[in-house]
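Engineer: Pasting a structure here, questions to come.
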Amino acid sequence: MDKPVARFDADAHAAEIRAQGFTVIPDFLDAATIDEVRATLAPYRDSHHGRNAFEGFLTERVYTLVARGRVFERTAEDARVLAVLDRFLQPGYQLTASQSIQINPGEAAQAIHVDDGFYRQPRPRPAISYTLIAAVDPFTAENGATDVIPGSHLWGDADAPDRPPQDALEAMLVPMSLPAGAAFIMAGTLLHRGGANRSDRPRLAFTNQYCEPWARTQEAWHLSIPREQVRGMSPRLQSLLGYDIWPPFMGMVSGSHPLKALEPDFVPPVVAQRPTS
Ligand SMILES: O=C(O)CCC(=O)C(=O)O
């Protein structure tokens, strides 16, 4: 990250997403940033193991990653990523998820899925969310690289006549082999899965996901990140975390702009205006 945005061709990346459903940013994290990511995550080792096959019983996740250190604030508002997202999502789009994903040795492949399946709208349709996955360790076919099905973002619903049958999907998966520091952005409509880790080392990655400003976010940031901490974040990140309005007034707090709730002396109107008798 922190590469000059002027040399970054957001239109070319957007064209790749339109054509195949994903695009790679080869130099997303430099070596110093990778070190910072590892150091910031170190205290959370062994803190959250998957509780089901989807999270992955041998997979460790750190949720609310954006609030776990400055490096994750910076990566969540990386100018290159936002430039690509600007080509798809409406102004005021939100961060919907931010987590690290460490797939440990022996982990099985995840079920094939899409990331914007929460929004139960008929397909084919534009993606309602976009996912960035950054490779902190190199991604290989052996260690659990994300597997994707190129072009599947254009498919209809699971029962659409033009869609390959479920049992044909596995053969269509392509592992996203990436060097450490690379990242890819995919449409929320692209079929993919976390791969099986058949190596003897963990595969560390993190993901930031973004959704339309009118869509419900996966994480309720207003509850998971203390307001004192949000106050110290950049205005853009505050907006990504929902301290913003989808005009004319979606996201309001008792009739006011949600940024008002970040003022140090803010008292919720339901408290300030509570009748005394
Ligand atoms: O870790 C990965 O490569 C992908 C994980 C994933 O798709 C998910 O957890 O939804």
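Order determines the names: the first chain of the structure tokens is A, the second B, and so forth; residues in each chain are numbered 1 upward, and ligands are numbered 1 upward as they are shown.
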Which polymer residues have any atom within 7 Å of an atom of range 28-44 of chain A, counting only C-alpha atoms, with same-chain residues fewer than 3 positions away left out, as a ChimeraX atom specification?
Structural biologist: /A:1,25,47,69,71,136,181-183
Engineer: Produce a file of the selected residues containing N, CA, C and O atoms, as a compact mmCIF listing (two decimals), in the first residue's frame.
Structural biologist:
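Result written to out_6.txt:
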```
# COMPACT_ATOMS: atom_id res chain seq x y z
N MET A 1 0.83 -1.21 0.00
CA MET A 1 0.00 0.00 0.00
C MET A 1 0.85 1.25 0.00
O MET A 1 2.06 1.16 -0.08
N ILE A 25 -4.16 -7.05 -7.44
CA ILE A 25 -3.24 -5.92 -7.20
C ILE A 25 -1.94 -6.56 -6.70
O ILE A 25 -1.88 -6.99 -5.54
N SER A 47 -6.96 -16.86 19.40
CA SER A 47 -8.08 -16.21 20.11
C SER A 47 -9.44 -16.62 19.57
O SER A 47 -10.43 -16.57 20.28
N GLY A 69 -5.73 -2.02 14.77
CA GLY A 69 -4.42 -1.38 14.62
C GLY A 69 -4.43 -0.46 13.41
O GLY A 69 -5.22 -0.64 12.48
N VAL A 71 -2.52 -0.15 10.95
CA VAL A 71 -2.26 -0.74 9.63
C VAL A 71 -3.57 -1.20 8.99
O VAL A 71 -3.74 -1.11 7.76
N VAL A 136 -1.10 -12.41 3.07
CA VAL A 136 0.01 -12.04 3.96
C VAL A 136 1.12 -13.10 3.79
O VAL A 136 2.29 -12.78 3.69
N GLY A 181 1.84 -10.30 -0.09
CA GLY A 181 1.69 -8.86 -0.35
C GLY A 181 0.72 -8.56 -1.48
O GLY A 181 0.26 -7.43 -1.61
N ALA A 182 0.42 -9.55 -2.30
CA ALA A 182 -0.57 -9.32 -3.37
C ALA A 182 -1.98 -9.41 -2.78
O ALA A 182 -2.18 -9.97 -1.69
N ALA A 183 -2.92 -8.84 -3.50
CA ALA A 183 -4.32 -8.91 -3.07
C ALA A 183 -5.19 -9.04 -4.32
O ALA A 183 -4.73 -8.74 -5.42
```
Engineer: Find the residues near ligand 1. Use a cut-off of 10 Å, count only C-alpha atoms and all ligand atoms, and write them as a PyMOL selection string.
Structural biologist: chain A and resi 54-56+59+61+99-103+109-116+131-135+139+144-148+175-176+191-196+203-207
Engineer: Output N, CA and C atoms of each residue in that selection to a file, as a tab-separated table (two decimals), in the first residue's frame.
Structural biologist:
```
chain	number	residue	atom	x	y	z
A	54	PHE	N	-17.95	-23.72	7.93
A	54	PHE	CA	-17.77	-22.53	7.08
A	54	PHE	C	-16.67	-21.62	7.63
A	55	GLU	N	-16.73	-21.34	8.92
A	55	GLU	CA	-15.63	-20.56	9.52
A	55	GLU	C	-14.34	-21.36	9.45
A	56	GLY	N	-14.47	-22.69	9.52
A	56	GLY	CA	-13.33	-23.59	9.44
A	56	GLY	C	-12.83	-23.96	10.82
A	59	THR	N	-9.39	-23.04	11.29
A	59	THR	CA	-9.12	-21.69	10.79
A	59	THR	C	-9.27	-20.69	11.93
A	61	ARG	N	-9.77	-16.69	12.95
A	61	ARG	CA	-10.22	-15.41	12.42
A	61	ARG	C	-10.13	-14.34	13.50
A	99	GLN	N	-11.72	-8.84	8.47
A	99	GLN	CA	-11.23	-9.92	9.36
A	99	GLN	C	-9.97	-10.56	8.78
A	100	SER	N	-9.15	-11.10	9.67
A	100	SER	CA	-8.02	-11.92	9.20
A	100	SER	C	-8.51	-13.36	9.12
A	101	ILE	N	-7.89	-14.11	8.22
A	101	ILE	CA	-8.27	-15.52	8.04
A	101	ILE	C	-6.98	-16.33	7.95
A	102	GLN	N	-6.71	-17.08	9.00
A	102	GLN	CA	-5.53	-17.95	8.98
A	102	GLN	C	-6.00	-19.39	8.84
A	103	ILE	N	-5.76	-19.97	7.67
A	103	ILE	CA	-6.15	-21.36	7.41
A	103	ILE	C	-4.98	-22.23	7.82
A	109	ALA	N	-11.40	-27.74	2.52
A	109	ALA	CA	-11.90	-26.63	1.70
A	109	ALA	C	-13.28	-26.21	2.19
A	110	GLN	N	-13.53	-24.91	2.09
A	110	GLN	CA	-14.86	-24.38	2.44
A	110	GLN	C	-15.89	-24.79	1.39
A	111	ALA	N	-17.16	-24.63	1.72
A	111	ALA	CA	-18.21	-24.78	0.71
A	111	ALA	C	-18.07	-23.64	-0.31
A	112	ILE	N	-18.40	-23.95	-1.55
A	112	ILE	CA	-18.35	-22.91	-2.59
A	112	ILE	C	-19.51	-21.94	-2.32
A	113	HIS	N	-19.22	-20.64	-2.35
A	113	HIS	CA	-20.24	-19.66	-1.98
A	113	HIS	C	-19.94	-18.31	-2.65
A	114	VAL	N	-20.86	-17.37	-2.46
A	114	VAL	CA	-20.62	-15.99	-2.88
A	114	VAL	C	-20.69	-15.11	-1.64
A	115	ASP	N	-20.02	-13.95	-1.67
A	115	ASP	CA	-19.99	-13.12	-0.47
A	115	ASP	C	-21.20	-12.20	-0.33
A	116	ASP	N	-21.92	-11.95	-1.44
A	116	ASP	CA	-23.10	-11.08	-1.27
A	116	ASP	C	-24.40	-11.89	-1.28
A	131	THR	N	-15.26	-7.77	-2.40
A	131	THR	CA	-14.36	-8.34	-1.39
A	131	THR	C	-12.91	-8.16	-1.82
A	132	LEU	N	-12.10	-7.64	-0.89
A	132	LEU	CA	-10.65	-7.65	-1.09
A	132	LEU	C	-10.08	-8.74	-0.20
A	133	ILE	N	-9.22	-9.57	-0.75
A	133	ILE	CA	-8.48	-10.54	0.07
A	133	ILE	C	-6.99	-10.30	-0.16
A	134	ALA	N	-6.26	-10.04	0.93
A	134	ALA	CA	-4.83	-9.76	0.84
A	134	ALA	C	-4.05	-10.96	1.33
A	135	ALA	N	-3.07	-11.39	0.56
A	135	ALA	CA	-2.22	-12.54	0.93
A	135	ALA	C	-1.08	-12.03	1.80
A	139	PHE	N	0.03	-17.35	-1.38
A	139	PHE	CA	-1.10	-18.26	-1.60
A	139	PHE	C	-0.67	-19.30	-2.63
A	144	GLY	N	-4.00	-23.50	0.69
A	144	GLY	CA	-5.33	-22.95	0.97
A	144	GLY	C	-5.60	-21.63	0.27
A	145	ALA	N	-4.92	-21.41	-0.86
A	145	ALA	CA	-5.27	-20.23	-1.67
A	145	ALA	C	-6.78	-20.22	-1.90
A	146	THR	N	-7.35	-19.01	-1.97
A	146	THR	CA	-8.77	-18.91	-2.34
A	146	THR	C	-8.94	-19.55	-3.72
A	147	ASP	N	-9.95	-20.39	-3.86
A	147	ASP	CA	-10.31	-20.95	-5.18
A	147	ASP	C	-11.47	-20.12	-5.74
A	148	VAL	N	-11.38	-19.73	-7.00
A	148	VAL	CA	-12.47	-18.94	-7.60
A	148	VAL	C	-12.93	-19.62	-8.89
A	175	PRO	N	-7.21	-21.97	-8.31
A	175	PRO	CA	-6.60	-21.38	-7.11
A	175	PRO	C	-5.97	-20.02	-7.43
A	176	MET	N	-6.19	-19.06	-6.54
A	176	MET	CA	-5.58	-17.72	-6.71
A	176	MET	C	-4.15	-17.79	-6.16
A	191	LEU	N	-18.41	-16.93	-7.44
A	191	LEU	CA	-18.32	-18.16	-6.63
A	191	LEU	C	-16.86	-18.43	-6.27
A	192	HIS	N	-16.64	-18.79	-5.03
A	192	HIS	CA	-15.28	-19.03	-4.55
A	192	HIS	C	-15.35	-19.84	-3.25
A	193	ARG	N	-14.19	-20.18	-2.73
A	193	ARG	CA	-14.12	-20.82	-1.41
A	193	ARG	C	-12.70	-20.67	-0.88
A	194	GLY	N	-12.53	-20.73	0.43
A	194	GLY	CA	-11.20	-20.88	1.00
A	194	GLY	C	-10.74	-22.29	0.69
A	195	GLY	N	-9.52	-22.45	0.18
A	195	GLY	CA	-9.06	-23.77	-0.23
A	195	GLY	C	-8.63	-24.62	0.97
A	196	ALA	N	-8.41	-25.91	0.70
A	196	ALA	CA	-7.90	-26.83	1.74
A	196	ALA	C	-6.41	-26.53	1.94
A	203	ARG	N	-1.72	-20.49	6.43
A	203	ARG	CA	-1.86	-19.50	5.36
A	203	ARG	C	-2.61	-18.30	5.92
A	204	LEU	N	-1.90	-17.17	6.09
A	204	LEU	CA	-2.53	-15.98	6.68
A	204	LEU	C	-2.95	-15.00	5.59
A	205	ALA	N	-4.16	-14.50	5.74
A	205	ALA	CA	-4.71	-13.49	4.82
A	205	ALA	C	-5.60	-12.56	5.63
A	206	PHE	N	-5.98	-11.44	5.02
A	206	PHE	CA	-7.07	-10.67	5.62
A	206	PHE	C	-7.99	-10.18	4.52
A	207	THR	N	-9.21	-9.92	4.92
A	207	THR	CA	-10.22	-9.49	3.96
A	207	THR	C	-10.92	-8.23	4.45
```
Engineer: Find the residues near Glu263 in chain A: any atom within 10 Å, counting only C-alpha atoms, skip ones fewer than 5 places away on the same chain, and give them as a CSV table (one decimal) with N, CA and C atoms, in the first residue's frame.
Structural biologist:
```csv
chain,number,residue,atom,x,y,z
A,227,ARG,N,-16.9,4.3,20.4
A,227,ARG,CA,-17.0,5.6,19.7
A,227,ARG,C,-15.7,6.4,19.9
A,228,GLU,N,-15.1,6.3,21.1
A,228,GLU,CA,-13.8,7.0,21.4
A,228,GLU,C,-12.8,6.6,20.3
A,231,ARG,N,-13.6,8.1,16.9
A,231,ARG,CA,-13.2,9.6,16.8
A,231,ARG,C,-11.8,9.8,16.3
A,258,PRO,N,-25.3,11.1,11.8
A,258,PRO,CA,-24.6,10.2,12.8
A,258,PRO,C,-23.3,10.7,13.3
```
Engineer: Return as a list of chain:residue names the full set of residues in range 86-210 of chain A whose backbone-based DSSP assignment is helix (DSSP H, G or I).
Structural biologist: A:Ser152, A:His153, A:Leu154, A:Gln166, A:Asp167, A:Ala168, A:Glu170, A:Ala171, A:Met172
Engineer: Could you work out how far CA of Asp11 in chain A lies from CA of Asp78 in chain A, giving the answer in Å with one decimal?
Structural biologist: 16.1 Å
Engineer: Identify all residues of range 91-132 of chain A in strand (DSSP E or B) (DSSP on the backbone) and supply them as a list in words.
Structural biologist: Gln94, Leu95, Thr96, Ala97, Ser98, Gln99, Ser100, Ile101, Gln102, Ile103, His113, Ser129, Tyr130, Thr131 and Leu132 of chain A
Engineer: Please, could you write that set of residues out with N, CA, C and O atoms as a compact mmCIF listing (two decimals), in the first residue's frame?
Structural biologist:
```
# COMPACT_ATOMS: atom_id res chain seq x y z
N GLN A 94 -20.15 1.29 2.24
CA GLN A 94 -19.76 0.94 3.61
C GLN A 94 -18.77 -0.21 3.64
O GLN A 94 -18.79 -1.07 2.76
N LEU A 95 -17.97 -0.24 4.69
CA LEU A 95 -17.22 -1.46 5.00
C LEU A 95 -18.25 -2.43 5.59
O LEU A 95 -19.02 -2.05 6.49
N THR A 96 -18.31 -3.66 5.07
CA THR A 96 -19.30 -4.60 5.62
C THR A 96 -18.65 -5.68 6.47
O THR A 96 -19.26 -6.20 7.41
N ALA A 97 -17.38 -6.00 6.18
CA ALA A 97 -16.66 -7.00 7.00
C ALA A 97 -15.18 -6.70 6.92
O ALA A 97 -14.70 -6.12 5.93
N SER A 98 -14.45 -7.06 7.96
CA SER A 98 -13.00 -6.84 8.01
C SER A 98 -12.46 -7.88 8.99
O SER A 98 -12.78 -7.83 10.17
N GLN A 99 -11.72 -8.84 8.47
CA GLN A 99 -11.23 -9.92 9.36
C GLN A 99 -9.97 -10.56 8.78
O GLN A 99 -9.76 -10.53 7.57
N SER A 100 -9.15 -11.10 9.67
CA SER A 100 -8.02 -11.92 9.20
C SER A 100 -8.51 -13.36 9.12
O SER A 100 -9.44 -13.76 9.84
N ILE A 101 -7.89 -14.11 8.22
CA ILE A 101 -8.27 -15.52 8.04
C ILE A 101 -6.98 -16.33 7.95
O ILE A 101 -6.25 -16.22 6.96
N GLN A 102 -6.71 -17.08 9.00
CA GLN A 102 -5.53 -17.95 8.98
C GLN A 102 -6.00 -19.39 8.84
O GLN A 102 -6.57 -19.96 9.77
N ILE A 103 -5.76 -19.97 7.67
CA ILE A 103 -6.15 -21.36 7.41
C ILE A 103 -4.98 -22.23 7.82
O ILE A 103 -3.89 -22.17 7.24
N HIS A 113 -19.22 -20.64 -2.35
CA HIS A 113 -20.24 -19.66 -1.98
C HIS A 113 -19.94 -18.31 -2.65
O HIS A 113 -18.90 -18.15 -3.28
N SER A 129 -21.91 -6.26 -2.96
CA SER A 129 -20.68 -6.04 -2.19
C SER A 129 -19.47 -6.50 -3.01
O SER A 129 -19.61 -7.27 -3.97
N TYR A 130 -18.32 -6.01 -2.60
CA TYR A 130 -17.04 -6.39 -3.22
C TYR A 130 -16.08 -6.78 -2.11
O TYR A 130 -16.11 -6.18 -1.02
N THR A 131 -15.26 -7.77 -2.40
CA THR A 131 -14.36 -8.34 -1.39
C THR A 131 -12.91 -8.16 -1.82
O THR A 131 -12.55 -8.49 -2.95
N LEU A 132 -12.10 -7.64 -0.89
CA LEU A 132 -10.65 -7.65 -1.09
C LEU A 132 -10.08 -8.74 -0.20
O LEU A 132 -10.45 -8.83 0.98
```
Engineer: Restricting the calculation to only C-alpha atoms: of A:Asp86, A:Glu16, A:Asp9, A:Asp167, which residue gets closest to Met186 in chain A?
Structural biologist: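 For Met186 in chain A, the nearest of the candidates is A:Glu16.
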Engineer: Using only C-alpha atoms, determine which residues lie at most 8 Å from range 157-159 of chain A, disregarding the query and same-chain residues fewer than 2 positions distant; provide the list as a ChimeraX atom specification.
Structural biologist: /A:122-124,155,161,163,166
Engineer: Could you write out the selected residues, including N, CA, C and O atoms, as a short mmCIF file (atom, residue, chain, number, x, y, z; two decimals), in the first residue's frame?
Structural biologist:
```
data_model
loop_
_atom_site.label_atom_id
_atom_site.label_comp_id
_atom_site.auth_asym_id
_atom_site.auth_seq_id
_atom_site.Cartn_x
_atom_site.Cartn_y
_atom_site.Cartn_z
N PRO A 122 -32.64 -11.77 -6.83
CA PRO A 122 -32.41 -12.69 -7.95
C PRO A 122 -31.16 -12.32 -8.76
O PRO A 122 -30.84 -11.14 -8.91
N ARG A 123 -30.47 -13.34 -9.25
CA ARG A 123 -29.32 -13.19 -10.14
C ARG A 123 -29.75 -13.56 -11.56
O ARG A 123 -30.71 -14.31 -11.71
N PRO A 124 -29.03 -13.10 -12.61
CA PRO A 124 -27.84 -12.26 -12.54
C PRO A 124 -28.21 -10.82 -12.17
O PRO A 124 -29.27 -10.34 -12.52
N TRP A 155 -23.39 -15.42 -13.66
CA TRP A 155 -24.37 -16.49 -13.70
C TRP A 155 -25.69 -16.08 -13.02
O TRP A 155 -25.71 -15.20 -12.17
N PRO A 161 -31.33 -22.16 -15.81
CA PRO A 161 -31.03 -23.17 -16.82
C PRO A 161 -29.61 -23.03 -17.40
O PRO A 161 -29.01 -24.01 -17.82
N ARG A 163 -26.95 -22.29 -15.84
CA ARG A 163 -25.89 -22.42 -14.83
C ARG A 163 -25.42 -23.87 -14.72
O ARG A 163 -26.25 -24.79 -14.71
N GLN A 166 -24.40 -28.15 -9.77
CA GLN A 166 -23.57 -28.00 -8.56
C GLN A 166 -22.37 -28.96 -8.58
O GLN A 166 -21.26 -28.59 -8.21
#
```
